[in-house]
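Q: Structure below; questions to follow.
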Amino acid sequence: MSRVAARPMTDADVSQAALVSAAAFGVDISERRQRDSWEQRMRHPLITDPAGAFVTEAAGVVIGVSQTILRDGVWILSLLAVSPSVSRGGDGRALVDAALSYGSRTQDGLIVSSNDPRAMRLYASSGFRLQPTFRAAGPVDGSRIPERDPRITVVGADGLEALAPISRAVRGAAHTPDFGVVLARGATIFALEDRGWVAALPGRGVWALAALDDRAATALLWCALDHLRDEPEVVVGFLTADQRWALDVLLEARIPFCAYGALAVRGNPGPLRPYIPSPPFS
């Protein structure tokens, strides 16, 4: 079997790459609104980190895609997907190798992994430590939500930069360059003074959270669940065993959770606690 080669991704590849990646993750983007949102999510790292995006092809059709971003010296795999309908070996490895070539001198790295065992093997064989994670999904029991901490405020566009030191202290890199993507999808970002922040996304759940202490993180997670209390399903994903504060909140809110996926870590990007990663932007 000939070696699969990845090539740089261009904007012209976004439409095909969106179909491939959505199919790989079982996401329906047949409706225009969902397709536009998915393509916007893919164009963002293509704009901020064009040299970190790659595709593989078969007969001129995109069948695999990887996107990598660099944030304050932390390497983050934003996306890895291979068409589930094309059966050939080597695409995943070619895409991961290409992704690792971007920012190759960067020591610290993060990947949010699905349950796919092939992906986990790729990450583990590429020098990442796998930390098993939990995923919660379900409605919030509104009767269990405590009174909101009065110090929690909504953060506007002009206040996002003030959140950067929190993210840097927790995961070694600011989330600031990527807030625009989630805000465009209708998210609300809450902050508790200079101790932490959370992004709550209707139709999804908790997009990400970073805090300097467990009490702040707990108050912010409750705030997000309160904000999303009318959603039929709220998702809080990729919680490592270190996030006991979050698991306690989910138990109290009666949102069921189970083992799902992993957080893959290279080097020492930060304590990663208290922390809920963003799947596409860790």
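Ordered as shown in the structure tokens, chains take letters A, B, and onward, while each chain numbers its residues from 1 and ligands are numbered from 1 in the order shown.
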Just want the 12 Å neighbourhood of Leu221 in chain A, counted on only C-alpha atoms, with same-chain residues fewer than 5 positions away dropped. Output as a PyMOL selection string.

A: chain A and resi 140+145-146+148-149+152+189-192+196-200+205-211+214-216+226-229+234-236+243+245-250+252-253+274-276

Q: Leaving out Met42 in chain A and any residue of its chain fewer than 2 positions from it, which residues lie within 12 Å of it when counting only C-alpha atoms, given as a short mmCIF file (atom, residue, chain, number, x, y, z; two decimals) with all heavy atoms, in the first residue's frame?

A:
data_model
loop_
_atom_site.label_atom_id
_atom_site.label_comp_id
_atom_site.auth_asym_id
_atom_site.auth_seq_id
_atom_site.Cartn_x
_atom_site.Cartn_y
_atom_site.Cartn_z
N MET A 9 -4.39 22.50 3.61
CA MET A 9 -5.81 22.78 3.38
C MET A 9 -5.99 24.21 2.92
O MET A 9 -5.27 25.13 3.36
CB MET A 9 -6.58 22.54 4.68
CG MET A 9 -8.07 22.80 4.60
SD MET A 9 -8.84 22.52 6.24
CE MET A 9 -10.55 22.94 5.86
N THR A 10 -6.95 24.45 2.02
CA THR A 10 -7.29 25.79 1.57
C THR A 10 -8.77 26.04 1.84
O THR A 10 -9.53 25.13 2.15
CB THR A 10 -7.00 25.97 0.07
OG1 THR A 10 -7.95 25.19 -0.69
CG2 THR A 10 -5.58 25.54 -0.28
N ASP A 11 -9.18 27.27 1.66
CA ASP A 11 -10.58 27.61 1.87
C ASP A 11 -11.49 26.84 0.91
O ASP A 11 -12.64 26.54 1.25
CB ASP A 11 -10.80 29.11 1.71
CG ASP A 11 -12.18 29.55 2.16
OD1 ASP A 11 -12.43 29.60 3.38
OD2 ASP A 11 -13.03 29.81 1.28
N ALA A 12 -10.97 26.52 -0.26
CA ALA A 12 -11.77 25.77 -1.24
C ALA A 12 -12.09 24.36 -0.76
O ALA A 12 -13.02 23.72 -1.27
CB ALA A 12 -11.02 25.71 -2.58
N ASP A 13 -11.35 23.87 0.24
CA ASP A 13 -11.59 22.52 0.77
C ASP A 13 -12.64 22.50 1.88
O ASP A 13 -13.06 21.41 2.30
CB ASP A 13 -10.29 21.95 1.36
CG ASP A 13 -9.20 21.78 0.33
OD1 ASP A 13 -9.50 21.26 -0.77
OD2 ASP A 13 -8.04 22.16 0.62
N VAL A 14 -13.04 23.66 2.38
CA VAL A 14 -13.87 23.71 3.58
C VAL A 14 -15.18 22.95 3.40
O VAL A 14 -15.61 22.20 4.28
CB VAL A 14 -14.14 25.17 4.01
CG1 VAL A 14 -15.22 25.23 5.09
CG2 VAL A 14 -12.86 25.81 4.51
N SER A 15 -15.84 23.13 2.26
CA SER A 15 -17.14 22.49 2.06
C SER A 15 -17.04 20.96 2.14
O SER A 15 -17.80 20.31 2.86
CB SER A 15 -17.72 22.90 0.70
OG SER A 15 -18.97 22.28 0.50
N GLN A 16 -16.07 20.38 1.42
CA GLN A 16 -15.90 18.93 1.47
C GLN A 16 -15.42 18.47 2.84
O GLN A 16 -15.88 17.45 3.38
CB GLN A 16 -14.90 18.48 0.39
CG GLN A 16 -15.45 18.52 -1.02
CD GLN A 16 -14.47 17.93 -2.03
OE1 GLN A 16 -13.44 17.36 -1.67
NE2 GLN A 16 -14.79 18.08 -3.30
N ALA A 17 -14.49 19.22 3.42
CA ALA A 17 -13.95 18.85 4.73
C ALA A 17 -15.03 18.90 5.80
O ALA A 17 -15.02 18.10 6.74
CB ALA A 17 -12.78 19.76 5.09
N ALA A 18 -15.96 19.84 5.67
CA ALA A 18 -17.06 19.93 6.63
C ALA A 18 -17.94 18.68 6.56
O ALA A 18 -18.34 18.13 7.59
CB ALA A 18 -17.88 21.18 6.37
N LEU A 19 -18.24 18.23 5.36
CA LEU A 19 -19.06 17.03 5.20
C LEU A 19 -18.36 15.81 5.78
O LEU A 19 -18.98 14.98 6.46
CB LEU A 19 -19.36 16.80 3.72
CG LEU A 19 -20.28 17.83 3.05
CD1 LEU A 19 -20.36 17.57 1.54
CD2 LEU A 19 -21.67 17.80 3.67
N VAL A 20 -17.05 15.69 5.54
CA VAL A 20 -16.28 14.56 6.04
C VAL A 20 -16.25 14.57 7.57
O VAL A 20 -16.51 13.55 8.22
CB VAL A 20 -14.85 14.59 5.47
CG1 VAL A 20 -13.94 13.63 6.24
CG2 VAL A 20 -14.86 14.25 3.99
N SER A 21 -15.91 15.72 8.15
CA SER A 21 -15.76 15.78 9.61
C SER A 21 -17.10 15.62 10.32
O SER A 21 -17.19 14.96 11.36
CB SER A 21 -15.09 17.10 10.02
OG SER A 21 -15.79 18.22 9.52
N ALA A 22 -18.17 16.21 9.77
CA ALA A 22 -19.48 16.05 10.39
C ALA A 22 -19.92 14.59 10.35
O ALA A 22 -20.45 14.06 11.35
CB ALA A 22 -20.51 16.92 9.67
N ARG A 35 -24.93 23.66 8.63
CA ARG A 35 -23.77 23.59 7.75
C ARG A 35 -22.93 24.86 7.84
O ARG A 35 -21.70 24.81 7.91
CB ARG A 35 -24.21 23.34 6.30
CG ARG A 35 -23.03 23.14 5.35
CD ARG A 35 -23.49 22.61 4.01
NE ARG A 35 -24.28 23.58 3.26
CZ ARG A 35 -25.60 23.52 3.09
NH1 ARG A 35 -26.29 22.51 3.61
NH2 ARG A 35 -26.25 24.43 2.40
N ASP A 36 -23.60 26.02 7.85
CA ASP A 36 -22.88 27.29 7.95
C ASP A 36 -22.09 27.37 9.26
O ASP A 36 -20.95 27.85 9.29
CB ASP A 36 -23.85 28.47 7.84
CG ASP A 36 -24.39 28.65 6.44
OD1 ASP A 36 -23.84 28.02 5.50
OD2 ASP A 36 -25.35 29.43 6.26
N SER A 37 -22.72 26.92 10.36
CA SER A 37 -22.06 26.96 11.66
C SER A 37 -20.84 26.05 11.67
O SER A 37 -19.77 26.42 12.19
CB SER A 37 -23.05 26.54 12.76
OG SER A 37 -22.42 26.52 14.02
N TRP A 38 -20.98 24.85 11.10
CA TRP A 38 -19.86 23.91 11.06
C TRP A 38 -18.72 24.44 10.20
O TRP A 38 -17.54 24.33 10.57
CB TRP A 38 -20.35 22.56 10.53
CG TRP A 38 -19.43 21.41 10.82
CD1 TRP A 38 -18.44 20.94 10.00
CD2 TRP A 38 -19.40 20.59 11.99
NE1 TRP A 38 -17.80 19.87 10.57
CE2 TRP A 38 -18.37 19.63 11.79
CE3 TRP A 38 -20.15 20.56 13.16
CZ2 TRP A 38 -18.07 18.67 12.76
CZ3 TRP A 38 -19.85 19.59 14.11
CH2 TRP A 38 -18.82 18.66 13.90
N GLU A 39 -19.06 25.04 9.07
CA GLU A 39 -18.03 25.58 8.20
C GLU A 39 -17.35 26.78 8.85
O GLU A 39 -16.13 26.98 8.68
CB GLU A 39 -18.63 25.96 6.85
CG GLU A 39 -19.04 24.75 6.01
CD GLU A 39 -19.54 25.11 4.63
OE1 GLU A 39 -19.56 26.32 4.30
OE2 GLU A 39 -19.90 24.20 3.86
N GLN A 40 -18.11 27.59 9.59
CA GLN A 40 -17.51 28.72 10.30
C GLN A 40 -16.50 28.23 11.32
O GLN A 40 -15.40 28.78 11.47
CB GLN A 40 -18.58 29.55 11.02
CG GLN A 40 -18.01 30.73 11.81
CD GLN A 40 -18.94 31.19 12.91
OE1 GLN A 40 -19.67 30.39 13.50
NE2 GLN A 40 -18.92 32.48 13.20
N HIS A 44 -12.34 29.19 11.12
CA HIS A 44 -11.64 29.97 12.15
C HIS A 44 -10.18 29.55 12.29
O HIS A 44 -9.28 30.39 12.16
CB HIS A 44 -12.39 29.87 13.48
CG HIS A 44 -11.68 30.55 14.60
ND1 HIS A 44 -11.55 31.92 14.67
CD2 HIS A 44 -11.03 30.05 15.69
CE1 HIS A 44 -10.88 32.24 15.76
NE2 HIS A 44 -10.55 31.12 16.40
N PRO A 45 -9.85 28.26 12.56
CA PRO A 45 -8.44 27.91 12.64
C PRO A 45 -7.72 28.01 11.31
O PRO A 45 -6.50 28.21 11.27
CB PRO A 45 -8.46 26.46 13.15
CG PRO A 45 -9.82 25.96 12.87
CD PRO A 45 -10.74 27.13 12.92
N LEU A 46 -8.46 27.90 10.21
CA LEU A 46 -7.83 28.08 8.90
C LEU A 46 -7.37 29.52 8.71
O LEU A 46 -6.38 29.79 8.02
CB LEU A 46 -8.81 27.67 7.79
CG LEU A 46 -8.26 27.59 6.37
CD1 LEU A 46 -7.11 26.61 6.28
CD2 LEU A 46 -9.37 27.20 5.40
N ILE A 47 -8.08 30.45 9.37
CA ILE A 47 -7.70 31.86 9.31
C ILE A 47 -6.58 32.17 10.30
O ILE A 47 -5.59 32.82 9.97
CB ILE A 47 -8.92 32.76 9.60
CG1 ILE A 47 -9.94 32.65 8.46
CG2 ILE A 47 -8.50 34.21 9.79
CD1 ILE A 47 -11.27 33.31 8.76
N THR A 48 -6.72 31.69 11.54
CA THR A 48 -5.72 32.02 12.56
C THR A 48 -4.42 31.23 12.40
O THR A 48 -3.34 31.71 12.74
CB THR A 48 -6.27 31.78 13.98
OG1 THR A 48 -6.55 30.38 14.15
CG2 THR A 48 -7.54 32.58 14.22
N ASP A 49 -4.53 30.00 11.91
CA ASP A 49 -3.35 29.11 11.79
C ASP A 49 -3.40 28.36 10.46
O ASP A 49 -3.53 27.13 10.42
CB ASP A 49 -3.34 28.11 12.94
CG ASP A 49 -3.20 28.75 14.30
OD1 ASP A 49 -4.19 29.31 14.81
OD2 ASP A 49 -2.08 28.71 14.85
N PRO A 50 -3.30 29.07 9.34
CA PRO A 50 -3.43 28.41 8.04
C PRO A 50 -2.38 27.33 7.79
O PRO A 50 -2.66 26.36 7.09
CB PRO A 50 -3.29 29.56 7.04
CG PRO A 50 -2.58 30.64 7.79
CD PRO A 50 -3.03 30.51 9.20
N GLY A 52 -1.38 25.21 9.84
CA GLY A 52 -1.64 24.04 10.66
C GLY A 52 -2.81 23.20 10.18
O GLY A 52 -3.25 22.30 10.90
N ALA A 53 -3.31 23.45 8.97
CA ALA A 53 -4.48 22.74 8.46
C ALA A 53 -4.09 21.88 7.25
O ALA A 53 -3.40 22.35 6.34
CB ALA A 53 -5.56 23.74 8.06
N PHE A 54 -4.57 20.62 7.26
CA PHE A 54 -4.19 19.67 6.21
C PHE A 54 -5.38 18.81 5.82
O PHE A 54 -6.32 18.62 6.60
CB PHE A 54 -3.05 18.77 6.70
CG PHE A 54 -1.82 19.52 7.12
CD1 PHE A 54 -1.67 19.93 8.44
CD2 PHE A 54 -0.83 19.82 6.22
CE1 PHE A 54 -0.55 20.64 8.84
CE2 PHE A 54 0.30 20.53 6.60
CZ PHE A 54 0.44 20.94 7.93
N VAL A 65 -9.19 15.31 7.29
CA VAL A 65 -8.83 16.69 7.60
C VAL A 65 -8.26 16.76 9.02
O VAL A 65 -8.70 16.06 9.92
CB VAL A 65 -10.05 17.64 7.47
CG1 VAL A 65 -11.21 17.17 8.34
CG2 VAL A 65 -9.69 19.08 7.81
N SER A 66 -7.24 17.59 9.19
CA SER A 66 -6.73 17.91 10.53
C SER A 66 -6.48 19.41 10.59
O SER A 66 -6.08 20.02 9.60
CB SER A 66 -5.44 17.15 10.85
OG SER A 66 -4.38 17.55 10.01
N GLN A 67 -6.75 19.99 11.76
CA GLN A 67 -6.51 21.41 11.99
C GLN A 67 -5.85 21.57 13.35
O GLN A 67 -6.29 21.01 14.36
CB GLN A 67 -7.81 22.20 11.94
CG GLN A 67 -8.45 22.25 10.55
CD GLN A 67 -9.67 23.16 10.53
OE1 GLN A 67 -10.67 22.89 11.19
NE2 GLN A 67 -9.60 24.23 9.75
N THR A 68 -4.78 22.34 13.37
CA THR A 68 -4.01 22.59 14.58
C THR A 68 -3.90 24.08 14.81
O THR A 68 -3.79 24.87 13.87
CB THR A 68 -2.60 22.00 14.44
OG1 THR A 68 -2.70 20.64 14.04
CG2 THR A 68 -1.83 22.09 15.73
N ILE A 69 -3.94 24.48 16.09
CA ILE A 69 -3.76 25.89 16.44
C ILE A 69 -2.65 26.00 17.48
O ILE A 69 -2.42 25.09 18.27
CB ILE A 69 -5.06 26.52 16.98
CG1 ILE A 69 -5.57 25.77 18.22
CG2 ILE A 69 -6.13 26.56 15.90
CD1 ILE A 69 -6.81 26.39 18.86
N SER A 78 -7.15 20.90 16.91
CA SER A 78 -8.52 21.40 16.89
C SER A 78 -9.47 20.41 16.23
O SER A 78 -10.65 20.35 16.58
CB SER A 78 -8.57 22.74 16.14
OG SER A 78 -9.88 23.25 16.08
N LEU A 79 -8.95 19.62 15.28
CA LEU A 79 -9.83 18.69 14.55
C LEU A 79 -9.00 17.60 13.91
O LEU A 79 -7.94 17.86 13.33
CB LEU A 79 -10.60 19.44 13.46
CG LEU A 79 -11.51 18.61 12.55
CD1 LEU A 79 -12.68 18.03 13.33
CD2 LEU A 79 -12.02 19.45 11.38
N LEU A 80 -9.50 16.37 14.01
CA LEU A 80 -8.97 15.26 13.23
C LEU A 80 -10.16 14.40 12.84
O LEU A 80 -10.91 13.93 13.69
CB LEU A 80 -7.98 14.42 14.04
CG LEU A 80 -7.51 13.14 13.33
CD1 LEU A 80 -6.65 13.47 12.11
CD2 LEU A 80 -6.73 12.23 14.29
N ALA A 81 -10.36 14.21 11.54
CA ALA A 81 -11.49 13.42 11.07
C ALA A 81 -11.14 12.75 9.75
O ALA A 81 -10.48 13.36 8.89
CB ALA A 81 -12.73 14.29 10.90
N ASP A 178 -10.31 32.68 20.39
CA ASP A 178 -11.33 31.75 19.93
C ASP A 178 -12.73 32.04 20.49
O ASP A 178 -13.70 31.36 20.12
CB ASP A 178 -10.93 30.32 20.29
CG ASP A 178 -9.53 30.00 19.80
OD1 ASP A 178 -9.26 30.24 18.60
OD2 ASP A 178 -8.69 29.55 20.60
N VAL A 181 -15.81 32.67 17.95
CA VAL A 181 -16.54 31.56 17.32
C VAL A 181 -17.77 31.20 18.13
O VAL A 181 -18.88 31.05 17.61
CB VAL A 181 -15.62 30.33 17.15
CG1 VAL A 181 -16.42 29.15 16.61
CG2 VAL A 181 -14.47 30.66 16.22
N PRO A 280 -13.11 21.86 20.38
CA PRO A 280 -12.32 22.29 19.23
C PRO A 280 -11.13 23.18 19.57
O PRO A 280 -10.22 23.29 18.77
CB PRO A 280 -13.34 23.05 18.37
CG PRO A 280 -14.36 23.54 19.32
CD PRO A 280 -14.43 22.51 20.41
N PHE A 281 -11.14 23.82 20.74
CA PHE A 281 -10.09 24.78 21.06
C PHE A 281 -9.46 24.53 22.42
O PHE A 281 -8.78 25.37 22.96
CB PHE A 281 -10.64 26.21 20.97
CG PHE A 281 -11.29 26.51 19.66
CD1 PHE A 281 -12.64 26.76 19.57
CD2 PHE A 281 -10.54 26.51 18.48
CE1 PHE A 281 -13.26 27.01 18.33
CE2 PHE A 281 -11.14 26.76 17.25
CZ PHE A 281 -12.51 27.02 17.18
#

Q: Write out as a compact mmCIF listing (two decimals) with all heavy atoms, in the first residue's frame all residues of range 29-102 of chain A that backbone DSSP assigns to alpha helix (DSSP H).

A:
# COMPACT_ATOMS: atom_id res chain seq x y z
N ARG A 32 -29.10 24.21 6.25
CA ARG A 32 -28.16 25.30 5.93
C ARG A 32 -27.56 25.92 7.19
O ARG A 32 -26.35 26.21 7.24
CB ARG A 32 -28.88 26.36 5.10
CG ARG A 32 -28.00 27.54 4.69
CD ARG A 32 -26.81 27.08 3.85
NE ARG A 32 -25.95 28.17 3.47
CZ ARG A 32 -26.09 28.86 2.32
NH1 ARG A 32 -27.05 28.53 1.47
NH2 ARG A 32 -25.27 29.83 2.03
N ARG A 33 -28.37 26.13 8.22
CA ARG A 33 -27.86 26.79 9.42
C ARG A 33 -26.77 25.96 10.09
O ARG A 33 -25.72 26.49 10.47
CB ARG A 33 -29.01 27.03 10.41
CG ARG A 33 -28.60 27.75 11.68
CD ARG A 33 -29.81 28.07 12.54
NE ARG A 33 -30.50 26.86 12.95
CZ ARG A 33 -30.16 26.14 14.03
NH1 ARG A 33 -29.12 26.51 14.76
NH2 ARG A 33 -30.85 25.06 14.36
N GLN A 34 -27.00 24.65 10.20
CA GLN A 34 -26.00 23.79 10.81
C GLN A 34 -24.73 23.71 9.96
O GLN A 34 -23.61 23.71 10.48
CB GLN A 34 -26.55 22.37 11.02
CG GLN A 34 -27.53 22.26 12.17
CD GLN A 34 -28.97 22.49 11.73
OE1 GLN A 34 -29.21 23.01 10.63
NE2 GLN A 34 -29.92 22.08 12.55
N ARG A 35 -24.93 23.66 8.63
CA ARG A 35 -23.77 23.59 7.75
C ARG A 35 -22.93 24.86 7.84
O ARG A 35 -21.70 24.81 7.91
CB ARG A 35 -24.21 23.34 6.30
CG ARG A 35 -23.03 23.14 5.35
CD ARG A 35 -23.49 22.61 4.01
NE ARG A 35 -24.28 23.58 3.26
CZ ARG A 35 -25.60 23.52 3.09
NH1 ARG A 35 -26.29 22.51 3.61
NH2 ARG A 35 -26.25 24.43 2.40
N ASP A 36 -23.60 26.02 7.85
CA ASP A 36 -22.88 27.29 7.95
C ASP A 36 -22.09 27.37 9.26
O ASP A 36 -20.95 27.85 9.29
CB ASP A 36 -23.85 28.47 7.84
CG ASP A 36 -24.39 28.65 6.44
OD1 ASP A 36 -23.84 28.02 5.50
OD2 ASP A 36 -25.35 29.43 6.26
N SER A 37 -22.72 26.92 10.36
CA SER A 37 -22.06 26.96 11.66
C SER A 37 -20.84 26.05 11.67
O SER A 37 -19.77 26.42 12.19
CB SER A 37 -23.05 26.54 12.76
OG SER A 37 -22.42 26.52 14.02
N TRP A 38 -20.98 24.85 11.10
CA TRP A 38 -19.86 23.91 11.06
C TRP A 38 -18.72 24.44 10.20
O TRP A 38 -17.54 24.33 10.57
CB TRP A 38 -20.35 22.56 10.53
CG TRP A 38 -19.43 21.41 10.82
CD1 TRP A 38 -18.44 20.94 10.00
CD2 TRP A 38 -19.40 20.59 11.99
NE1 TRP A 38 -17.80 19.87 10.57
CE2 TRP A 38 -18.37 19.63 11.79
CE3 TRP A 38 -20.15 20.56 13.16
CZ2 TRP A 38 -18.07 18.67 12.76
CZ3 TRP A 38 -19.85 19.59 14.11
CH2 TRP A 38 -18.82 18.66 13.90
N GLU A 39 -19.06 25.04 9.07
CA GLU A 39 -18.03 25.58 8.20
C GLU A 39 -17.35 26.78 8.85
O GLU A 39 -16.13 26.98 8.68
CB GLU A 39 -18.63 25.96 6.85
CG GLU A 39 -19.04 24.75 6.01
CD GLU A 39 -19.54 25.11 4.63
OE1 GLU A 39 -19.56 26.32 4.30
OE2 GLU A 39 -19.90 24.20 3.86
N GLN A 40 -18.11 27.59 9.59
CA GLN A 40 -17.51 28.72 10.30
C GLN A 40 -16.50 28.23 11.32
O GLN A 40 -15.40 28.78 11.47
CB GLN A 40 -18.58 29.55 11.02
CG GLN A 40 -18.01 30.73 11.81
CD GLN A 40 -18.94 31.19 12.91
OE1 GLN A 40 -19.67 30.39 13.50
NE2 GLN A 40 -18.92 32.48 13.20
N ARG A 41 -16.87 27.15 12.04
CA ARG A 41 -15.96 26.58 13.03
C ARG A 41 -14.66 26.11 12.38
O ARG A 41 -13.58 26.20 12.96
CB ARG A 41 -16.68 25.43 13.75
CG ARG A 41 -15.78 24.58 14.65
CD ARG A 41 -15.47 23.26 13.96
NE ARG A 41 -14.61 22.41 14.77
CZ ARG A 41 -13.29 22.46 14.77
NH1 ARG A 41 -12.67 23.35 14.02
NH2 ARG A 41 -12.57 21.64 15.50
N MET A 42 -14.75 25.60 11.12
CA MET A 42 -13.56 25.11 10.44
C MET A 42 -12.75 26.25 9.83
O MET A 42 -11.52 26.15 9.72
CB MET A 42 -13.96 24.11 9.35
CG MET A 42 -14.62 22.85 9.90
SD MET A 42 -14.78 21.57 8.64
CE MET A 42 -13.08 21.17 8.34
N ARG A 43 -13.42 27.31 9.42
CA ARG A 43 -12.69 28.43 8.83
C ARG A 43 -11.88 29.20 9.87
O ARG A 43 -10.86 29.81 9.54
CB ARG A 43 -13.66 29.38 8.12
CG ARG A 43 -14.10 28.90 6.75
CD ARG A 43 -14.75 29.99 5.92
NE ARG A 43 -14.91 29.55 4.54
CZ ARG A 43 -16.00 28.94 4.07
NH1 ARG A 43 -17.03 28.70 4.89
NH2 ARG A 43 -16.07 28.56 2.81
N HIS A 44 -12.34 29.19 11.12
CA HIS A 44 -11.64 29.97 12.15
C HIS A 44 -10.18 29.55 12.29
O HIS A 44 -9.28 30.39 12.16
CB HIS A 44 -12.39 29.87 13.48
CG HIS A 44 -11.68 30.55 14.60
ND1 HIS A 44 -11.55 31.92 14.67
CD2 HIS A 44 -11.03 30.05 15.69
CE1 HIS A 44 -10.88 32.24 15.76
NE2 HIS A 44 -10.55 31.12 16.40
N PRO A 45 -9.85 28.26 12.56
CA PRO A 45 -8.44 27.91 12.64
C PRO A 45 -7.72 28.01 11.31
O PRO A 45 -6.50 28.21 11.27
CB PRO A 45 -8.46 26.46 13.15
CG PRO A 45 -9.82 25.96 12.87
CD PRO A 45 -10.74 27.13 12.92
N LEU A 46 -8.46 27.90 10.21
CA LEU A 46 -7.83 28.08 8.90
C LEU A 46 -7.37 29.52 8.71
O LEU A 46 -6.38 29.79 8.02
CB LEU A 46 -8.81 27.67 7.79
CG LEU A 46 -8.26 27.59 6.37
CD1 LEU A 46 -7.11 26.61 6.28
CD2 LEU A 46 -9.37 27.20 5.40
N ILE A 47 -8.08 30.45 9.37
CA ILE A 47 -7.70 31.86 9.31
C ILE A 47 -6.58 32.17 10.30
O ILE A 47 -5.59 32.82 9.97
CB ILE A 47 -8.92 32.76 9.60
CG1 ILE A 47 -9.94 32.65 8.46
CG2 ILE A 47 -8.50 34.21 9.79
CD1 ILE A 47 -11.27 33.31 8.76
N THR A 48 -6.72 31.69 11.54
CA THR A 48 -5.72 32.02 12.56
C THR A 48 -4.42 31.23 12.40
O THR A 48 -3.34 31.71 12.74
CB THR A 48 -6.27 31.78 13.98
OG1 THR A 48 -6.55 30.38 14.15
CG2 THR A 48 -7.54 32.58 14.22
N ASP A 91 -4.63 7.42 6.52
CA ASP A 91 -5.03 8.82 6.50
C ASP A 91 -4.85 9.47 7.88
O ASP A 91 -4.33 10.59 7.98
CB ASP A 91 -6.50 8.95 6.07
CG ASP A 91 -6.68 8.69 4.59
OD1 ASP A 91 -6.87 7.53 4.21
OD2 ASP A 91 -6.61 9.65 3.80
N GLY A 92 -5.29 8.78 8.93
CA GLY A 92 -5.17 9.35 10.26
C GLY A 92 -3.73 9.64 10.64
O GLY A 92 -3.42 10.73 11.13
N ARG A 93 -2.85 8.68 10.39
CA ARG A 93 -1.43 8.88 10.72
C ARG A 93 -0.84 10.01 9.89
O ARG A 93 -0.07 10.84 10.41
CB ARG A 93 -0.67 7.57 10.49
CG ARG A 93 0.86 7.70 10.60
CD ARG A 93 1.30 8.37 11.89
NE ARG A 93 0.98 7.58 13.06
CZ ARG A 93 1.14 8.02 14.31
NH1 ARG A 93 1.56 9.27 14.52
NH2 ARG A 93 0.84 7.25 15.33
N ALA A 94 -1.16 10.08 8.61
CA ALA A 94 -0.63 11.15 7.76
C ALA A 94 -1.08 12.52 8.26
O ALA A 94 -0.31 13.48 8.28
CB ALA A 94 -1.08 10.94 6.31
N LEU A 95 -2.33 12.61 8.67
CA LEU A 95 -2.88 13.88 9.15
C LEU A 95 -2.29 14.28 10.49
O LEU A 95 -1.99 15.46 10.73
CB LEU A 95 -4.40 13.80 9.23
CG LEU A 95 -5.11 13.74 7.88
CD1 LEU A 95 -6.54 13.26 8.05
CD2 LEU A 95 -5.09 15.11 7.19
N VAL A 96 -2.11 13.32 11.39
CA VAL A 96 -1.50 13.63 12.69
C VAL A 96 -0.04 14.04 12.52
O VAL A 96 0.43 15.00 13.13
CB VAL A 96 -1.62 12.43 13.65
CG1 VAL A 96 -0.75 12.63 14.89
CG2 VAL A 96 -3.07 12.24 14.07
N ASP A 97 0.69 13.31 11.67
CA ASP A 97 2.09 13.67 11.43
C ASP A 97 2.21 15.07 10.84
O ASP A 97 3.11 15.84 11.23
CB ASP A 97 2.74 12.66 10.49
CG ASP A 97 3.01 11.31 11.16
OD1 ASP A 97 2.92 11.24 12.40
OD2 ASP A 97 3.29 10.34 10.43
N ALA A 98 1.32 15.41 9.91
CA ALA A 98 1.35 16.75 9.34
C ALA A 98 1.02 17.79 10.41
O ALA A 98 1.66 18.84 10.48
CB ALA A 98 0.34 16.84 8.19
N ALA A 99 0.04 17.48 11.25
CA ALA A 99 -0.33 18.41 12.33
C ALA A 99 0.83 18.63 13.29
O ALA A 99 1.07 19.75 13.75
CB ALA A 99 -1.55 17.88 13.07
N LEU A 100 1.55 17.57 13.61
CA LEU A 100 2.68 17.68 14.54
C LEU A 100 3.84 18.47 13.94
O LEU A 100 4.67 19.02 14.68
CB LEU A 100 3.16 16.28 14.94
CG LEU A 100 2.21 15.50 15.85
CD1 LEU A 100 2.65 14.04 15.94
CD2 LEU A 100 2.13 16.13 17.23
N SER A 101 3.90 18.54 12.63
CA SER A 101 4.97 19.32 11.98
C SER A 101 4.76 20.82 12.17
O SER A 101 5.70 21.61 12.06
CB SER A 101 5.04 19.00 10.49
OG SER A 101 3.91 19.54 9.79

Q: Taking only C-alpha atoms into account, name the residue in A:Cys258, A:Phe179, A:Ala137, A:Ala5 that is nearest to Arg204 in chain A.

A: A:Ala137

Q: Restricting the calculation to only C-alpha atoms, which member of A:Asn115, A:Ser125, A:Thr106, A:Thr133 is positioned closest to Ala241 in chain A?

A: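 That would be A:Thr133, the residue with the smallest distance to Ala241 in chain A.
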
Q: For each of A:Val82, A:Val55, A:Ala174, A:Leu220, take the minimum atom-to-atom distance to Pro150 in chain A, counting only C-alpha atoms, then give the residue where this is smallest.

A: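 Of the candidates, the smallest distance to Pro150 in chain A is held by A:Leu220.
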
Q: Need to verify the contact set: range 161-165 of chain A, 7 Å, only C-alpha atoms, exclusion of same-chain residues closer than 2 positions in sequence. Can you return it as a compact mmCIF listing (two decimals) with N, CA and C atoms, in the first residue's frame?

A:
# COMPACT_ATOMS: atom_id res chain seq x y z
N GLY A 159 -14.55 43.03 27.31
CA GLY A 159 -13.96 42.50 28.54
C GLY A 159 -13.28 41.17 28.38
N SER A 167 -7.03 31.91 31.86
CA SER A 167 -6.76 30.77 30.98
C SER A 167 -5.28 30.41 30.98
N ARG A 168 -4.42 31.42 30.98
CA ARG A 168 -2.98 31.14 30.97
C ARG A 168 -2.54 30.44 32.26
N ALA A 169 -3.15 30.82 33.37
CA ALA A 169 -2.79 30.19 34.64
C ALA A 169 -3.25 28.74 34.70
N ALA A 174 -4.21 31.59 26.48
CA ALA A 174 -5.48 32.32 26.51
C ALA A 174 -6.48 31.71 25.53
N HIS A 175 -7.76 31.82 25.88
CA HIS A 175 -8.83 31.43 24.98
C HIS A 175 -9.30 32.60 24.12
N THR A 176 -8.78 33.77 24.40
CA THR A 176 -9.28 35.00 23.78
C THR A 176 -9.42 34.92 22.26
